[in-house]
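Participant: If it helps, the file is called coords.txt and holds compact mmCIF, C-alpha atoms:
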```txt
# COMPACT_ATOMS: atom_id res chain seq x y z
CA MET A 135 -20.73 -10.58 -0.01
CA LYS A 136 -18.87 -8.13 -2.16
CA VAL A 137 -15.59 -9.30 -3.72
CA LYS A 138 -13.04 -6.82 -5.10
CA TYR A 139 -10.04 -7.44 -7.35
CA PHE A 140 -6.98 -5.27 -7.91
CA ALA A 141 -4.00 -4.96 -10.28
CA TRP A 142 -3.36 -8.09 -12.37
CA VAL A 143 -5.99 -10.11 -10.51
CA ARG A 144 -8.55 -7.51 -11.68
CA GLU A 145 -7.17 -7.52 -15.22
CA ARG A 146 -7.20 -11.31 -15.51
CA ILE A 147 -10.77 -11.62 -14.23
CA GLY A 148 -11.91 -8.64 -16.29
CA LYS A 149 -13.87 -6.92 -13.52
CA SER A 150 -13.05 -4.89 -10.45
CA GLU A 151 -15.85 -6.10 -8.19
CA GLU A 152 -18.90 -8.31 -7.96
CA THR A 153 -21.33 -9.77 -5.46
CA VAL A 154 -21.07 -13.50 -4.85
CA GLU A 155 -22.97 -15.99 -2.70
CA PRO A 156 -20.71 -18.97 -2.10
CA PRO A 157 -22.20 -22.14 -0.58
CA ALA A 158 -21.83 -22.80 3.15
CA ASN A 159 -18.92 -25.22 2.70
CA VAL A 160 -16.78 -22.30 1.45
CA ARG A 161 -15.51 -21.30 4.91
CA THR A 162 -12.14 -19.62 4.46
CA VAL A 163 -10.43 -17.13 2.17
CA GLY A 164 -8.54 -20.07 0.64
CA ASP A 165 -11.82 -21.95 0.05
CA LEU A 166 -13.26 -18.85 -1.62
CA MET A 167 -10.29 -18.64 -4.01
CA THR A 168 -10.72 -22.30 -4.96
CA TRP A 169 -14.45 -21.73 -5.48
CA LEU A 170 -13.90 -18.57 -7.56
CA ALA A 171 -11.24 -20.29 -9.67
CA ARG A 172 -13.95 -22.71 -10.87
CA ARG A 173 -16.14 -19.90 -12.20
CA GLY A 174 -14.39 -19.83 -15.56
CA GLU A 175 -11.16 -19.52 -17.50
CA THR A 176 -10.47 -15.91 -16.52
CA TYR A 177 -10.87 -16.78 -12.82
CA ALA A 178 -8.76 -19.92 -13.16
CA HIS A 179 -6.02 -17.77 -14.71
CA ALA A 180 -6.23 -15.15 -11.95
CA PHE A 181 -6.06 -17.75 -9.16
CA GLU A 182 -3.66 -20.22 -10.82
CA LYS A 183 -1.04 -19.52 -8.13
CA PRO A 184 -3.17 -18.97 -5.02
CA ARG A 185 -0.14 -18.74 -2.73
CA VAL A 186 0.93 -15.53 -4.48
CA ILE A 187 -2.45 -13.84 -3.98
CA ARG A 188 -3.01 -11.64 -0.93
CA ALA A 189 -6.40 -11.08 0.64
CA ALA A 190 -8.17 -8.56 2.83
CA ILE A 191 -11.45 -8.76 4.73
CA ASP A 192 -13.18 -5.44 5.39
CA HIS A 193 -10.01 -3.43 4.66
CA ALA A 194 -7.61 -5.48 6.81
CA HIS A 195 -5.02 -8.00 5.60
CA VAL A 196 -5.89 -11.64 6.37
CA LYS A 197 -4.26 -15.02 5.84
CA GLN A 198 -5.80 -17.67 3.61
CA ASP A 199 -7.16 -19.62 6.58
CA ALA A 200 -9.23 -16.62 7.72
CA VAL A 201 -12.95 -17.43 8.08
CA ILE A 202 -15.16 -15.42 5.72
CA ALA A 203 -18.41 -15.65 7.70
CA GLY A 204 -19.70 -12.13 8.44
CA ALA A 205 -17.40 -10.44 5.93
CA ARG A 206 -18.90 -7.51 4.02
CA GLU A 207 -16.07 -7.08 1.54
CA ILE A 208 -13.28 -9.45 0.56
CA ALA A 209 -10.47 -8.31 -1.72
CA PHE A 210 -7.88 -10.28 -3.70
CA PHE A 211 -4.71 -8.70 -5.06
CA PRO A 212 -1.05 -9.36 -5.84
CA PRO A 213 1.75 -8.49 -3.38
CA MET A 214 1.88 -4.73 -2.92
CA THR A 215 4.34 -2.49 -4.76
CA GLY A 216 3.59 1.03 -3.53
CA GLY A 217 5.83 3.55 -1.86
CA MET B 216 1.71 17.50 21.91
CA THR B 217 0.81 15.23 19.01
CA ALA B 218 -1.16 16.73 16.16
CA LYS B 219 -3.66 14.59 14.24
CA PRO B 220 -1.74 12.84 11.46
CA THR B 221 -2.27 13.94 7.87
CA ILE B 222 -2.98 11.03 5.50
CA ARG B 223 -3.84 11.77 1.89
CA ILE B 224 -4.08 9.78 -1.32
CA GLN B 225 -4.23 12.01 -4.36
CA GLN B 226 -3.47 12.26 -8.06
CA ALA B 227 -1.93 15.72 -7.78
CA ASP B 228 1.68 16.36 -6.89
CA PHE B 229 2.57 17.67 -3.42
CA ASP B 230 4.77 20.56 -2.32
CA ILE B 231 7.21 19.28 0.29
CA ALA B 232 7.99 22.71 1.76
CA ARG B 233 4.30 23.49 2.14
CA GLU B 234 3.62 20.13 3.81
CA ILE B 235 6.49 20.67 6.29
CA ALA B 236 5.17 24.15 7.05
CA ALA B 237 1.68 22.73 7.67
CA LEU B 238 3.20 20.29 10.16
CA THR B 239 5.34 22.82 12.05
CA ASN B 240 3.52 26.17 11.79
CA GLY B 241 2.73 27.65 15.19
CA ARG B 242 4.67 24.94 17.01
CA THR B 243 7.72 25.56 19.18
CA ASP B 244 7.99 22.04 20.61
CA ILE B 245 9.28 20.41 17.40
CA GLY B 246 13.04 20.09 17.11
CA ALA B 247 13.28 17.79 14.10
CA VAL B 248 11.39 17.01 10.92
CA VAL B 249 12.50 14.13 8.71
CA SER B 250 11.22 14.14 5.15
CA PHE B 251 11.32 11.11 2.85
CA SER B 252 10.12 11.39 -0.71
CA GLY B 253 9.89 8.49 -3.12
CA ILE B 254 10.47 9.55 -6.74
CA CYS B 255 9.72 7.77 -10.01
CA ARG B 256 12.98 6.46 -11.56
CA GLY B 257 13.46 6.74 -15.30
CA ASN B 258 15.42 3.53 -15.55
CA GLU B 259 14.81 0.13 -13.97
CA ASN B 260 17.37 -2.69 -14.41
CA GLY B 261 18.83 -1.03 -17.48
CA GLU B 262 15.46 -0.45 -19.12
CA ASP B 263 14.05 3.05 -19.71
CA ILE B 264 10.71 3.67 -18.03
CA ALA B 265 8.21 5.96 -19.80
CA ALA B 266 5.86 6.25 -16.80
CA LEU B 267 4.35 4.46 -13.81
CA THR B 268 0.66 4.07 -13.15
CA LEU B 269 -0.32 3.54 -9.53
CA GLU B 270 -3.51 1.74 -8.56
CA HIS B 271 -4.79 1.60 -4.98
CA TYR B 272 -7.55 0.07 -2.90
CA PRO B 273 -9.64 3.08 -1.79
CA GLY B 274 -10.65 2.80 1.84
CA MET B 275 -8.17 0.11 2.74
CA ALA B 276 -5.14 2.17 1.63
CA GLU B 277 -6.07 5.00 4.01
CA ALA B 278 -6.91 2.53 6.80
CA GLU B 279 -3.64 0.62 6.39
CA ILE B 280 -1.55 3.81 6.40
CA ALA B 281 -3.44 5.02 9.49
CA ARG B 282 -2.70 1.73 11.30
CA HIS B 283 1.04 2.08 10.59
CA VAL B 284 1.08 5.75 11.58
CA GLU B 285 -0.60 4.81 14.87
CA SER B 286 1.93 2.07 15.41
CA ALA B 287 4.82 4.52 14.74
CA MET B 288 3.28 7.01 17.19
CA SER B 289 3.08 4.39 19.89
CA ARG B 290 6.73 3.38 19.33
CA TRP B 291 8.36 6.82 19.17
CA PRO B 292 7.61 10.20 20.78
CA LEU B 293 6.35 11.93 17.63
CA SER B 294 4.88 15.43 17.47
CA GLY B 295 3.30 14.91 14.06
CA VAL B 296 3.21 12.68 10.98
CA SER B 297 2.15 13.29 7.36
CA VAL B 298 1.85 10.62 4.70
CA ILE B 299 0.85 11.53 1.14
CA HIS B 300 0.73 8.89 -1.58
CA ARG B 301 0.01 9.70 -5.20
CA VAL B 302 -1.99 7.48 -7.56
CA GLY B 303 -2.55 7.56 -11.31
CA ARG B 304 0.07 8.13 -13.99
CA ILE B 305 3.44 9.42 -12.78
CA ASN B 306 6.37 10.40 -15.00
CA PRO B 307 10.05 9.81 -14.24
CA GLY B 308 11.37 12.49 -11.91
CA GLU B 309 7.95 13.10 -10.33
CA ASN B 310 7.08 12.48 -6.69
CA ILE B 311 5.27 9.29 -5.69
CA VAL B 312 5.14 9.34 -1.90
CA LEU B 313 5.93 11.67 0.99
CA VAL B 314 6.50 10.74 4.63
CA LEU B 315 7.13 13.48 7.19
CA THR B 316 7.85 12.72 10.82
CA ALA B 317 8.26 15.43 13.44
CA SER B 318 9.67 15.04 16.92
CA GLN B 319 11.50 16.92 19.65
CA HIS B 320 14.72 15.13 18.74
CA ARG B 321 16.01 13.72 15.48
CA GLN B 322 16.44 10.04 16.45
CA ALA B 323 12.70 9.38 16.78
CA ALA B 324 11.93 11.26 13.56
CA PHE B 325 14.57 9.36 11.54
CA ALA B 326 13.55 5.95 12.89
CA ALA B 327 9.81 6.54 12.48
CA ALA B 328 10.20 7.73 8.87
CA GLU B 329 12.16 4.61 7.96
CA PHE B 330 9.73 2.34 9.82
CA LEU B 331 6.76 3.93 8.04
CA MET B 332 8.29 3.59 4.58
CA ASP B 333 9.26 -0.04 5.17
CA TYR B 334 5.71 -0.88 6.28
CA LEU B 335 4.03 1.12 3.54
CA LYS B 336 6.04 -0.55 0.79
CA ALA B 337 5.21 -4.04 2.02
CA ASN B 338 1.65 -3.57 3.33
CA ALA B 339 -0.19 -0.57 1.92
CA PRO B 340 -2.46 -1.68 -0.96
CA PHE B 341 -0.86 0.15 -3.92
CA TRP B 342 0.33 -1.45 -7.15
CA LYS B 343 2.66 -0.04 -9.77
CA ARG B 344 2.41 -0.72 -13.48
CA GLU B 345 5.43 0.21 -15.56
CA GLU B 346 5.35 1.53 -19.13
CA SER B 347 8.44 0.96 -21.24
CA ALA B 348 9.35 0.32 -24.88
CA ALA B 349 8.56 -3.36 -24.23
CA GLY B 350 4.96 -2.53 -23.27
CA THR B 351 3.30 -2.32 -19.87
CA ALA B 352 3.87 -4.70 -16.99
CA TRP B 353 2.94 -4.89 -13.30
CA VAL B 354 5.97 -4.35 -11.10
CA ASP B 355 6.95 -7.46 -9.11
CA ALA B 356 7.11 -7.19 -5.33
CA ARG B 357 10.63 -7.36 -3.97
CA THR B 358 11.54 -9.83 -1.28
CA HIS B 359 13.93 -7.33 0.30
CA ASP B 360 10.94 -5.11 1.05
CA ASP B 361 9.55 -7.88 3.26
CA ALA B 362 13.01 -8.33 4.81
CA ALA B 363 13.07 -4.58 5.55
CA VAL B 364 9.83 -4.93 7.52
CA ALA B 365 11.01 -8.03 9.36
CA ARG B 366 13.92 -6.19 11.01
CA TRP B 367 11.47 -3.95 12.94
CA THR B 368 9.88 -6.98 14.56
CA LYS B 369 13.18 -8.46 15.78
CA SER B 370 13.96 -7.80 19.40
```
Let me see the file written as structure tokens.

Facilitator:
Amino acid sequence: MKVKYFAWVRERIGKSEETVEPPANVRTVGDLMTWLARRGETYAHAFEKPRVIRAAIDHAHVKQDAVIAGAREIAFFPPMTGG
Amino acid sequence: MTAKPTIRIQQADFDIAREIAALTNGRTDIGAVVSFSGICRGNENGEDIAALTLEHYPGMAEAEIARHVESAMSRWPLSGVSVIHRVGRINPGENIVLVLTASQHRQAAFAAAEFLMDYLKANAPFWKREESAAGTAWVDARTHDDAAVARWTKS
């Protein structure tokens, strides 16, 4: 699945998107954040406060307990500040 | 009659008068247009701001705005809605966002414009980065923006 990062999550990780293949035990958005955080220092920094991070599956907001099976694109970003 | 909503995300500035004309031209059923524009402030908490840079999530930003426009149209009798949000670098005094709501009567247009802005600020995937003498920093989300949304869900 494709994972996208925005704003300071993108800056901390150092990339705006990538394709990942998490193992089957990574079931939810929260699990995916925990799994990504173990990929290295930049990821650990980006996901150090997972409760602050918002997520979207296929362009719709989701909570951290959302199941990722079947998702084409998952995005992680800070709370929004547009408008 | 409800015209198809206009939703645009663009770097370029917008002309408010032209956008209102596009919404109302040829129509005689519209009695009210409410226009809200968000403008880049040059000072935030006592600190001078050199510019803002707006990042967005292409695809989701349009989809999220469309969902809120649809929700506003189902809540109020609207004749038309336009939402334009700029991205990229924006200087103090320049426009950031435009919401236009048209209706037969003013109450629906006022309420829908406020509803849309409250939802856009809290839910549309845009992020502001501020440039000042101290450097650049991502703007923190405000809890009162979430509170502003919550009041629309109270009975």

Participant: In terms of the shortest atom-to-atom distance over only C-alpha atoms, which of A:Met135, A:Ala180, A:Val196, A:Leu166 is closest to Lys149 in chain A?

Facilitator: A:Ala180

Participant: CA of Ala348 in chain B and CA of Gly148 in chain A are how many Å apart?

Facilitator: 24.6 Å

Participant: Please, which residues in range 329-370 of chain B fall within 12 Å of range 241-255 of chain B when counting all atoms listed in the file, and what is the closest atom pair and distance in Å to one decimal for each, ordered by chain then residue number, as JSON lines?

Facilitator:
```
{"residue": "B:Glu329", "atom": "CA", "partner": "B:Phe251", "partner_atom": "CA", "distance": 8.3}
{"residue": "B:Phe330", "atom": "CA", "partner": "B:Phe251", "partner_atom": "CA", "distance": 11.3}
{"residue": "B:Leu331", "atom": "CA", "partner": "B:Phe251", "partner_atom": "CA", "distance": 10.0}
{"residue": "B:Met332", "atom": "CA", "partner": "B:Phe251", "partner_atom": "CA", "distance": 8.3}
{"residue": "B:Asp333", "atom": "CA", "partner": "B:Phe251", "partner_atom": "CA", "distance": 11.6}
{"residue": "B:Leu335", "atom": "CA", "partner": "B:Gly253", "partner_atom": "CA", "distance": 11.5}
{"residue": "B:Lys336", "atom": "CA", "partner": "B:Gly253", "partner_atom": "CA", "distance": 10.6}
{"residue": "B:Lys343", "atom": "CA", "partner": "B:Cys255", "partner_atom": "CA", "distance": 10.5}
{"residue": "B:Arg344", "atom": "CA", "partner": "B:Cys255", "partner_atom": "CA", "distance": 11.7}
{"residue": "B:Glu345", "atom": "CA", "partner": "B:Cys255", "partner_atom": "CA", "distance": 10.3}
{"residue": "B:Glu346", "atom": "CA", "partner": "B:Cys255", "partner_atom": "CA", "distance": 11.9}
```

Participant: Record the distance separating CA of Gly174 in chain A and CA of Ala339 in chain B, expressed in Å with one decimal.

Facilitator: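 Spanning CA of Gly174 in chain A to CA of Ala339 in chain B is a straight-line distance of 29.6 Å.
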
Participant: Write out as a list in words every residue belonging to chain A that has an atom at most 7 Å from any atom of chain B, counting only C-alpha atoms.

Facilitator: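 Written out as asked, the residues are Ala141, His193, Ala194, Pro213, Met214, Thr215, Gly216 and Gly217 of chain A.
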
Participant: If you count all atoms listed in the file, which residues fall within 9 Å of Glu151 in chain A, apart from same-chain ones fewer than 4 positions away, as a list in words?

Facilitator: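 Non-adjacent residues within range: Lys136, Val137, Lys138, Tyr139, Phe140, Arg144 and Ala209 of chain A.
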
Participant: Excluding range 216-221 of chain B and its own-chain neighbours fewer than 6 positions away, which residues fall within 9 Å of it when counting all atoms listed in the file? Please give them as a PyMOL selection string.

Facilitator: chain B and resi 238+244+281+284-285+288+292-299

Participant: Please measure the separation of CA of Phe181 in chain A and CA of Gln198 in chain A, giving the value in Å to one decimal.

Facilitator: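 Those two atoms sit 12.8 Å apart.
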
Participant: Between A:Ile147, A:Thr162, A:Phe211, A:Ala205, which has the minimum distance to Glu175 in chain A (counting all atoms listed in the file)?

Facilitator: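 That would be A:Ile147, the residue with the smallest distance to Glu175 in chain A.
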
Participant: To test the calculation: enclose all listed atoms of range 324-342 of chain B in a box whose edges run along x, y and z, add 8 Å on each side, then state centre and edge lengths in Å to one decimal, as JSON.

Facilitator:
```
{"center_x": 6.1, "center_y": 3.6, "center_z": 3.2, "size_x": 33.0, "size_y": 31.3, "size_z": 36.7}
```

Participant: Find the spatial neighbours of Val201 in chain A, counting all atoms listed in the file, within a cut-off of 12 Å - ignore same-chain residues fewer than 5 positions away - and output them as JSON, numbers by chain.

Facilitator: {"A": [158, 159, 160, 161, 162, 163, 164, 165, 166, 189, 190, 191, 196, 208]}

Participant: Would you kindly identify which residues have an atom no farther than 10 Å from (2.1, 11.4, -14.5), using all atoms listed in the file and the file's own coordinates, and write them out as a list of chain:residue names?

Facilitator: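 Those within range, by chain then number, are B:Gln226, B:Ala227, B:Asp228, B:Cys255, B:Ala265, B:Ala266, B:Leu267, B:Thr268, B:Leu269, B:Arg301, B:Val302, B:Gly303, B:Arg304, B:Ile305, B:Asn306, B:Pro307, B:Gly308, B:Glu309, B:Asn310, B:Ile311.
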
Participant: Closest to Val186 in chain A among A:Arg173, A:Pro156, A:Phe210, A:Glu145, using all atoms listed in the file?

Facilitator: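 Ranking A:Arg173, A:Pro156, A:Phe210, A:Glu145 by distance to Val186 in chain A, first place goes to A:Phe210.
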